Amino acid sequence: MKTVVGIIFSAVLLVAAVTAKPPPPKFAEKGEALVAKLCEKSEDKAFCVSSLGSRPDADTATAPELGVIALSIASANASDTSAYIKAKLKTKNLEPALEDTLDDCSTSYLDAVAQLDDSLAALLAYQYTDADIWLNTAISDVETCESALSERDGHDEELERRNTNLSKLVKNALLINIILTP
């Protein structure tokens with residue numbers, strides 16, 4: 001009987017060891033220095049540092065907390081842009097090309113907001129691979145809107161600016177997620 005219990009206990013320990021997720025890497029830096037380190041490989045380092053530094057809680061945040069901050073900034077931006085698109089769609093006498101573009105971008109932004117929410121849930125559960133998938137999907141949604149904006153006659157400069165910013169924000173969140181992935 002002791003042998004069976006020992007084998008079962010050993011099996012449970014083995015399964016726990018195999019499925020346990022290692023913690024994210026630790027960084028000696030804090031505050032601005034940590035933000036600068038995490039933003040080193042960003043496509044737009046100054047934008048990355050500026051956006052993360054815009055939150056007061058970034059001054060004392062750990063790397064995982066900065067990942068959450070980056071995602072919450074991107075999510076808030078996506079939600080605000082989605083609301084902007086909805087408001088534009090309520091405008092009377094829109095050009096048909098612009099209306100089509102806004103419709104496409106509205107769908108893309110609704111999806112992106114959902115993907116960012118899923119990314120945040122995954123990050124909080126230390127499911128970095130899942131967060132990676134959701135973030136890449138959100139980037140695809142933003143790129144779909146970008147394509148609609150560039151391929152049609154209907155242009156909205158404010159939406160183009162917002163879309164570019166969201167693309168940078170999501171890519172920065174993805175970069176931090178990759179750095180955090182053990």
# chains A, B, ... in the order shown; residues from 1 in each chain; ligands from 1
call {"tool": "residues_around", "arguments": {"residues": "stretch 50-67 of chain A", "least_positions_apart": "3", "cutoff": "7 Å", "atoms": "only C-alpha atoms", "output": "compact mmCIF listing (two decimals) with all heavy atoms, in the first residue's frame"}}
result
# COMPACT_ATOMS: atom_id res chain seq x y z
N LYS A 30 14.08 49.89 -11.73
CA LYS A 30 12.73 50.31 -11.34
C LYS A 30 12.41 51.61 -12.06
O LYS A 30 13.30 52.29 -12.55
CB LYS A 30 12.66 50.56 -9.82
CG LYS A 30 12.76 49.34 -8.96
CD LYS A 30 11.40 48.80 -8.69
CE LYS A 30 11.50 47.66 -7.68
NZ LYS A 30 10.30 46.93 -7.57
N GLY A 31 11.14 51.94 -12.09
CA GLY A 31 10.71 53.23 -12.62
C GLY A 31 11.17 53.51 -14.04
O GLY A 31 11.07 52.66 -14.92
N GLU A 32 11.69 54.72 -14.24
CA GLU A 32 12.09 55.16 -15.57
C GLU A 32 13.15 54.25 -16.18
O GLU A 32 13.13 54.00 -17.39
CB GLU A 32 12.61 56.60 -15.52
CG GLU A 32 11.55 57.64 -15.26
CD GLU A 32 12.12 59.04 -15.18
OE1 GLU A 32 13.25 59.27 -15.68
OE2 GLU A 32 11.44 59.91 -14.62
N VAL A 35 11.41 51.15 -17.46
CA VAL A 35 10.64 51.51 -18.65
C VAL A 35 11.59 51.62 -19.84
O VAL A 35 11.33 51.05 -20.91
CB VAL A 35 9.84 52.82 -18.45
CG1 VAL A 35 9.30 53.34 -19.76
CG2 VAL A 35 8.72 52.61 -17.44
N ALA A 46 10.88 56.22 -28.16
CA ALA A 46 10.41 57.44 -27.48
C ALA A 46 8.91 57.35 -27.19
O ALA A 46 8.46 57.74 -26.11
CB ALA A 46 10.71 58.68 -28.33
N PHE A 47 8.15 56.82 -28.15
CA PHE A 47 6.70 56.66 -27.94
C PHE A 47 6.44 55.65 -26.83
O PHE A 47 5.56 55.87 -25.98
CB PHE A 47 6.04 56.21 -29.25
CG PHE A 47 4.55 56.07 -29.16
CD1 PHE A 47 3.73 57.17 -29.37
CD2 PHE A 47 3.96 54.84 -28.87
CE1 PHE A 47 2.35 57.05 -29.29
CE2 PHE A 47 2.59 54.71 -28.79
CZ PHE A 47 1.78 55.82 -29.00
N ALA A 70 0.90 48.63 -19.88
CA ALA A 70 0.94 48.76 -21.34
C ALA A 70 -0.35 48.26 -21.97
O ALA A 70 -0.90 48.91 -22.88
CB ALA A 70 2.15 48.00 -21.90
N LEU A 71 -0.85 47.14 -21.48
CA LEU A 71 -2.10 46.60 -22.01
C LEU A 71 -3.28 47.49 -21.68
O LEU A 71 -4.17 47.69 -22.51
CB LEU A 71 -2.34 45.20 -21.46
CG LEU A 71 -1.83 44.08 -22.32
CD1 LEU A 71 -1.88 42.76 -21.57
CD2 LEU A 71 -2.61 43.98 -23.60
N ALA A 173 3.07 46.51 -26.00
CA ALA A 173 2.56 45.53 -25.03
C ALA A 173 3.04 44.13 -25.41
O ALA A 173 3.43 43.35 -24.53
CB ALA A 173 1.04 45.58 -24.98
N ILE A 176 6.75 43.76 -24.45
CA ILE A 176 6.92 43.52 -23.00
C ILE A 176 6.48 42.10 -22.66
O ILE A 176 7.15 41.41 -21.87
CB ILE A 176 6.14 44.58 -22.18
CG1 ILE A 176 6.78 45.96 -22.38
CG2 ILE A 176 6.11 44.20 -20.70
CD1 ILE A 176 5.98 47.11 -21.82
N ASN A 177 5.40 41.63 -23.26
CA ASN A 177 4.95 40.26 -23.01
C ASN A 177 6.02 39.26 -23.43
O ASN A 177 6.28 38.28 -22.71
CB ASN A 177 3.64 39.98 -23.74
CG ASN A 177 3.08 38.63 -23.39
OD1 ASN A 177 2.65 38.41 -22.26
ND2 ASN A 177 3.07 37.71 -24.35
N LEU A 180 8.70 39.19 -20.88
CA LEU A 180 8.26 38.54 -19.64
C LEU A 180 8.11 37.03 -19.78
O LEU A 180 8.09 36.32 -18.78
CB LEU A 180 6.91 39.12 -19.20
CG LEU A 180 6.92 40.57 -18.74
CD1 LEU A 180 5.51 41.03 -18.45
CD2 LEU A 180 7.82 40.75 -17.53
call {"tool": "residues_around", "arguments": {"residues": "A:Glu158", "least_positions_apart": "6", "cutoff": "10 Å", "atoms": "only C-alpha atoms", "output": "list in words"}}
result
Thr81, Tyr84 and Thr164 of chain A
call {"tool": "write_last_selection", "arguments": {"atoms": "C-alpha atoms", "output": "mmCIF file, in the first residue's frame"}}
result
data_model
loop_
_atom_site.group_PDB
_atom_site.id
_atom_site.type_symbol
_atom_site.label_atom_id
_atom_site.label_comp_id
_atom_site.auth_asym_id
_atom_site.auth_seq_id
_atom_site.Cartn_x
_atom_site.Cartn_y
_atom_site.Cartn_z
ATOM 1 C CA THR A 81 -11.088 54.998 -30.843
ATOM 2 C CA TYR A 84 -14.793 57.871 -31.990
ATOM 3 C CA THR A 164 -1.102 54.371 -35.853
#
call {"tool": "residues_around", "arguments": {"residues": "A:Lys90", "least_positions_apart": "4", "cutoff": "12 Å", "atoms": "only C-alpha atoms", "output": "list in words"}}
result
Ala83, Tyr84, Ile85, Lys86, Leu94, Glu99, Leu102 and Asp103 of chain A
call {"tool": "write_last_selection", "arguments": {"atoms": "N, CA and C atoms", "output": "PDB file, in the first residue's frame"}}
result
ATOM      1  N   ALA A  83     -15.191  54.296 -29.823  1.00  0.00           N
ATOM      2  CA  ALA A  83     -16.245  55.293 -29.572  1.00  0.00           C
ATOM      3  C   ALA A  83     -16.174  56.425 -30.597  1.00  0.00           C
ATOM      4  N   TYR A  84     -14.969  56.828 -30.961  1.00  0.00           N
ATOM      5  CA  TYR A  84     -14.793  57.871 -31.990  1.00  0.00           C
ATOM      6  C   TYR A  84     -15.399  57.412 -33.319  1.00  0.00           C
ATOM      7  N   ILE A  85     -15.124  56.160 -33.689  1.00  0.00           N
ATOM      8  CA  ILE A  85     -15.647  55.616 -34.948  1.00  0.00           C
ATOM      9  C   ILE A  85     -17.176  55.575 -34.911  1.00  0.00           C
ATOM     10  N   LYS A  86     -17.738  55.118 -33.803  1.00  0.00           N
ATOM     11  CA  LYS A  86     -19.204  55.055 -33.677  1.00  0.00           C
ATOM     12  C   LYS A  86     -19.820  56.449 -33.817  1.00  0.00           C
ATOM     13  N   LEU A  94     -22.324  61.133 -44.766  1.00  0.00           N
ATOM     14  CA  LEU A  94     -20.953  60.667 -44.938  1.00  0.00           C
ATOM     15  C   LEU A  94     -20.740  60.215 -46.384  1.00  0.00           C
ATOM     16  N   GLU A  99     -17.808  55.915 -45.155  1.00  0.00           N
ATOM     17  CA  GLU A  99     -18.717  55.095 -44.346  1.00  0.00           C
ATOM     18  C   GLU A  99     -18.294  53.626 -44.378  1.00  0.00           C
ATOM     19  N   LEU A 102     -15.196  53.297 -42.215  1.00  0.00           N
ATOM     20  CA  LEU A 102     -15.556  53.366 -40.798  1.00  0.00           C
ATOM     21  C   LEU A 102     -16.252  52.092 -40.335  1.00  0.00           C
ATOM     22  N   ASP A 103     -17.101  51.526 -41.187  1.00  0.00           N
ATOM     23  CA  ASP A 103     -17.753  50.247 -40.847  1.00  0.00           C
ATOM     24  C   ASP A 103     -16.714  49.157 -40.631  1.00  0.00           C
TER      25      ASP A 103
END
call {"tool": "closest_residue", "arguments": {"among": "A:Ser150, A:Ser119, A:Thr181, A:Ser108", "to": "A:Val68", "atoms": "only C-alpha atoms"}}
result
A:Ser119
call {"tool": "residues_around", "arguments": {"residues": "stretch 133-141 of chain A", "least_positions_apart": "6", "cutoff": "8 Å", "atoms": "only C-alpha atoms", "output": "VMD selection string"}}
result
chain A and resid 108 to 109 111 to 113 115 to 116 118 to 119 167 170 to 171 173 to 174
call {"tool": "write_last_selection", "arguments": {"atoms": "all heavy atoms", "output": "compact mmCIF listing (two decimals), in the first residue's frame"}}
result
# COMPACT_ATOMS: atom_id res chain seq x y z
N SER A 108 -13.27 45.99 -36.78
CA SER A 108 -11.90 45.67 -36.37
C SER A 108 -11.62 46.12 -34.94
O SER A 108 -10.99 45.41 -34.15
CB SER A 108 -10.89 46.31 -37.32
OG SER A 108 -10.98 45.75 -38.59
N TYR A 109 -12.10 47.32 -34.60
CA TYR A 109 -11.84 47.85 -33.26
C TYR A 109 -12.63 47.11 -32.18
O TYR A 109 -12.13 46.91 -31.08
CB TYR A 109 -12.08 49.37 -33.21
CG TYR A 109 -10.80 50.11 -33.49
CD1 TYR A 109 -10.32 50.23 -34.78
CD2 TYR A 109 -10.05 50.64 -32.47
CE1 TYR A 109 -9.13 50.88 -35.06
CE2 TYR A 109 -8.85 51.29 -32.71
CZ TYR A 109 -8.40 51.40 -34.02
OH TYR A 109 -7.21 52.03 -34.26
N ASP A 111 -13.30 43.99 -32.30
CA ASP A 111 -12.51 42.77 -32.12
C ASP A 111 -11.23 43.06 -31.34
O ASP A 111 -10.86 42.29 -30.45
CB ASP A 111 -12.16 42.16 -33.48
CG ASP A 111 -13.35 41.55 -34.19
OD1 ASP A 111 -14.40 41.34 -33.55
OD2 ASP A 111 -13.23 41.28 -35.41
N ALA A 112 -10.56 44.15 -31.68
CA ALA A 112 -9.30 44.49 -31.00
C ALA A 112 -9.52 44.71 -29.50
O ALA A 112 -8.72 44.25 -28.69
CB ALA A 112 -8.67 45.73 -31.64
N VAL A 113 -10.60 45.40 -29.16
CA VAL A 113 -10.90 45.63 -27.73
C VAL A 113 -11.08 44.28 -27.03
O VAL A 113 -10.53 44.06 -25.93
CB VAL A 113 -12.14 46.53 -27.56
CG1 VAL A 113 -12.63 46.54 -26.11
CG2 VAL A 113 -11.84 47.95 -28.02
N GLN A 115 -9.83 41.40 -27.95
CA GLN A 115 -8.53 40.71 -27.91
C GLN A 115 -7.64 41.28 -26.80
O GLN A 115 -6.93 40.54 -26.11
CB GLN A 115 -7.80 40.83 -29.25
CG GLN A 115 -8.56 40.42 -30.48
CD GLN A 115 -9.16 39.03 -30.42
OE1 GLN A 115 -8.71 38.18 -29.69
NE2 GLN A 115 -10.20 38.81 -31.19
N LEU A 116 -7.68 42.59 -26.64
CA LEU A 116 -6.87 43.22 -25.59
C LEU A 116 -7.38 42.84 -24.21
O LEU A 116 -6.57 42.63 -23.29
CB LEU A 116 -6.84 44.74 -25.79
CG LEU A 116 -6.07 45.19 -27.03
CD1 LEU A 116 -6.30 46.66 -27.29
CD2 LEU A 116 -4.59 44.88 -26.90
N ASP A 118 -8.84 40.00 -23.50
CA ASP A 118 -8.38 38.62 -23.34
C ASP A 118 -6.88 38.57 -23.03
O ASP A 118 -6.43 37.76 -22.22
CB ASP A 118 -8.67 37.80 -24.60
CG ASP A 118 -10.15 37.53 -24.82
OD1 ASP A 118 -10.92 37.63 -23.84
OD2 ASP A 118 -10.54 37.23 -25.96
N SER A 119 -6.11 39.46 -23.65
CA SER A 119 -4.67 39.53 -23.39
C SER A 119 -4.40 39.90 -21.94
O SER A 119 -3.51 39.32 -21.29
CB SER A 119 -4.00 40.58 -24.29
OG SER A 119 -4.13 40.26 -25.63
N SER A 167 -1.54 50.85 -32.96
CA SER A 167 -0.60 49.86 -33.47
C SER A 167 0.68 49.87 -32.63
O SER A 167 1.17 48.82 -32.21
CB SER A 167 -0.29 50.13 -34.95
OG SER A 167 0.65 49.20 -35.43
N VAL A 170 -0.03 48.48 -28.99
CA VAL A 170 -0.20 47.03 -28.92
C VAL A 170 1.14 46.33 -29.18
O VAL A 170 1.47 45.36 -28.51
CB VAL A 170 -1.29 46.54 -29.90
CG1 VAL A 170 -1.39 45.02 -29.87
CG2 VAL A 170 -2.63 47.16 -29.56
N LYS A 171 1.92 46.85 -30.11
CA LYS A 171 3.24 46.26 -30.37
C LYS A 171 4.15 46.41 -29.16
O LYS A 171 4.94 45.51 -28.86
CB LYS A 171 3.87 46.87 -31.62
CG LYS A 171 3.19 46.40 -32.89
CD LYS A 171 3.77 47.05 -34.12
CE LYS A 171 3.04 46.56 -35.37
NZ LYS A 171 3.55 47.21 -36.59
N ALA A 173 3.07 46.51 -26.00
CA ALA A 173 2.56 45.53 -25.03
C ALA A 173 3.04 44.13 -25.41
O ALA A 173 3.43 43.35 -24.53
CB ALA A 173 1.04 45.58 -24.98
N LEU A 174 3.05 43.83 -26.69
CA LEU A 174 3.53 42.52 -27.16
C LEU A 174 5.03 42.38 -26.84
O LEU A 174 5.47 41.33 -26.38
CB LEU A 174 3.28 42.36 -28.65
CG LEU A 174 3.83 41.07 -29.30
CD1 LEU A 174 3.19 39.84 -28.67
CD2 LEU A 174 3.60 41.10 -30.80
call {"tool": "select_by_dssp", "arguments": {"residues": "stretch 45-125 of chain A", "states": "alpha helix (DSSP H)", "output": "count of residues only"}}
result
65
call {"tool": "atom_distance", "arguments": {"atom1": "atom CA of A:Leu38", "atom2": "atom CA of A:Asp132"}}
result
16.1 Å
call {"tool": "atom_distance", "arguments": {"atom1": "atom CA of A:Cys145", "atom2": "atom CA of A:Ala87"}}
result
16.5 Å
call {"tool": "atom_distance", "arguments": {"atom1": "atom CA of A:Leu124", "atom2": "atom CA of A:Ile178"}}
result
14.4 Å
